[in-house]
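Trainee: Structure incoming, see below.
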Amino acid sequence: MKKRICLMIDDDVDKKVRVIQAKWIKNNHESFSYSKAVNQVLRTYF
């Protein structure tokens with residue numbers, strides 16, 4: 001189940017998530033939303 005939430009993310013964390021997003025798009029040649037990137041980072045951590 002997905003939930004729409006609002007988060008305040010520091011600039012340095014935002015840049016790191018965007019790098020992960022860009023690498024995915026470059027390597028897989030398909031779209032990868034910012035939300036998917038954040039979810040992947042959280043799943044990796046937990």
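Going by the structure tokens order, chains are called A, B, ..., each with residues numbered from 1, while ligands are numbered from 1 in the order shown.
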Which residues, written as a ChimeraX atom specification, have at least one atom at most 9 Å from Ser33 of chain A, with only C-alpha atoms counted and residues fewer than 4 positions away on the same chain left out?
Mentor: /A:21,37-38
Trainee: Could you please take those selected residues and save N, CA and C atoms as a tab-separated table (two decimals), in the first residue's frame?
Mentor:
chain	number	residue	atom	x	y	z
A	21	GLN	N	19.25	7.87	-8.61
A	21	GLN	CA	18.22	7.91	-9.65
A	21	GLN	C	18.86	8.02	-11.04
A	37	ALA	N	13.47	5.97	-6.05
A	37	ALA	CA	14.84	6.08	-5.55
A	37	ALA	C	14.86	6.20	-4.03
A	38	VAL	N	13.99	7.02	-3.48
A	38	VAL	CA	13.91	7.17	-2.02
A	38	VAL	C	13.52	5.84	-1.38
Trainee: Which polymer residues have any atom within 12 Å of an atom of Lys3 of chain A, counting only C-alpha atoms, with same-chain residues fewer than 2 positions away left out, as number ranges by chain?
Mentor: A: 1, 5-6, 35, 39
Trainee: I need the alpha helix (DSSP H) residues of chain A per DSSP on the backbone, written as a CSV table (one decimal) with C-alpha atoms, in the first residue's frame.
Mentor:
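So out-v4.csv came out as:
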chain,number,residue,atom,x,y,z
A,11,ASP,CA,20.3,19.2,0.3
A,12,ASP,CA,23.1,16.7,0.6
A,13,VAL,CA,20.7,13.8,1.0
A,14,ASP,CA,18.7,15.0,-2.0
A,15,LYS,CA,21.8,15.1,-4.2
A,16,LYS,CA,22.7,11.5,-3.2
A,17,VAL,CA,19.2,10.3,-4.0
A,18,ARG,CA,19.3,12.1,-7.4
A,19,VAL,CA,22.7,10.4,-8.1
A,20,ILE,CA,21.2,7.0,-7.4
A,21,GLN,CA,18.2,7.9,-9.7
A,22,ALA,CA,20.5,9.1,-12.5
A,23,LYS,CA,22.7,6.0,-12.3
A,24,TRP,CA,19.6,3.7,-12.5
A,25,ILE,CA,18.2,5.6,-15.5
A,26,LYS,CA,21.6,5.6,-17.3
A,27,ASN,CA,22.2,1.8,-16.7
A,28,ASN,CA,18.7,0.6,-17.3
A,34,TYR,CA,12.4,10.1,-7.3
A,35,SER,CA,10.0,8.3,-5.1
A,36,LYS,CA,11.3,4.9,-6.3
A,37,ALA,CA,14.8,6.1,-5.6
A,38,VAL,CA,13.9,7.2,-2.0
A,39,ASN,CA,12.1,3.9,-1.4
A,40,GLN,CA,15.2,1.9,-2.6
A,41,VAL,CA,17.5,3.8,-0.3
A,42,LEU,CA,15.1,3.2,2.7
A,43,ARG,CA,14.8,-0.5,1.9
A,44,THR,CA,18.5,-0.8,1.6
A,45,TYR,CA,19.0,0.9,5.0
